[in-house]
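For reference, the structure is listed below as structure tokens.
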Amino acid sequence: MDGRHRNPYELTDESPVYVISVAAQLSGLHPQTLRQYDRLGLVSPDRTAGRGRRYSARDIDLLRTVQQLSQDEGINLAGIKRIIELENQVAALQSRVAELSAAVEGAAVALQQREAQVHASYRRDLVPYQEVQQASALVVWRPKRGESRRGE
């Protein structure tokens, strides 16, 4: 189901439902850390009309990933930001490849249908052309006895 027909009350992984205190508790981080990550552009939650942050389940997963890369892997925040950007770029490119593959597949089907239409339109009363091989032969003419050579 695409986004234009989605029920506005249906919750998805992208639904911004968690306030910062709940997001901090769910991710195991301090609220100030979430604010810092937001300022750095690592995790950008949606905002309410009053500018309050609202985190989605996907944001919570991303917060956990940032924490794991920072604490367990020793990657600095600039490196983590670059990793996230590259992962987002890869996801976008994979989506585009899927779109293009579907378009190519559709074009191939259309081409096969058109080719079938062309073959179906062939006239059946025509005989296929076959090239004739020319043989090289030498014919010698000799006049019959009694015939003159010059028509005398």
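Lettering and numbering for the structure tokens are positional, with chains as A, B, ... in the shown order, residues counted from 1 in each chain, and ligands counted from 1 in the shown order.
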field: Contacts of stretch 45-51 of chain A within 9 Å, only C-alpha atoms, excl. fewer than 6 positions in-chain, as JSON, numbers by chain
entry: {"A": [16, 38, 59]}
task: Please return as number ranges by chain: the residues of chain A that backbone DSSP assigns to alpha helix (DSSP H).
output: A: 20-27, 31-40, 57-71, 77-120
message: Need the shell around stretch 21-30 of chain A: protein/DNA/RNA residues with any atom at most 7 Å away, counting only C-alpha atoms. Skip same-chain ones fewer than 3 positions apart. Format as a PyMOL selection string?
response: chain A and resi 18+33-34+55+60+63-64
query: If we count only C-alpha atoms, what is near stretch 83-100 of chain A at a cut-off of 8 Å, once residues fewer than 4 positions away on the same chain are taken out, given as number ranges by chain?
result: A: 42, 79, 104
query: Which distance in Å separates atom CA of A:Asp61 and atom CA of A:Pro8, to one decimal?
result: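 Between atom CA of A:Asp61 and atom CA of A:Pro8 the gap is 22.6 Å.
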- prompt: Which value, in Å to one decimal, gives the distance between atom CA of A:Ala103 and atom CA of A:Glu14?
  reply: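 Computed distance, atom CA of A:Ala103 to atom CA of A:Glu14, equals 27.7 Å.
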message: Show me, as a list in words, the residues that have an atom within 10 Å of stretch 72-77 of chain A when counting only C-alpha atoms, minus same-chain residues fewer than 3 positions from it.
response: Tyr37, Leu40, Gly41, Leu42, Val66, Gln67, Gln68, Leu69, Ile80, Lys81, Arg82 and Ile83 of chain A
message: So, with only C-alpha atoms as the atoms that count, which of A:Val17, A:Glu115, A:Ala120, A:Leu11 lies closest to A:Arg53?
response: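 The closest residue to A:Arg53 is A:Val17.
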message: If you run DSSP on the backbone here, which positions in chain A get strand (DSSP E)? Please write them as number ranges by chain.
response: A: 46-47, 53-54
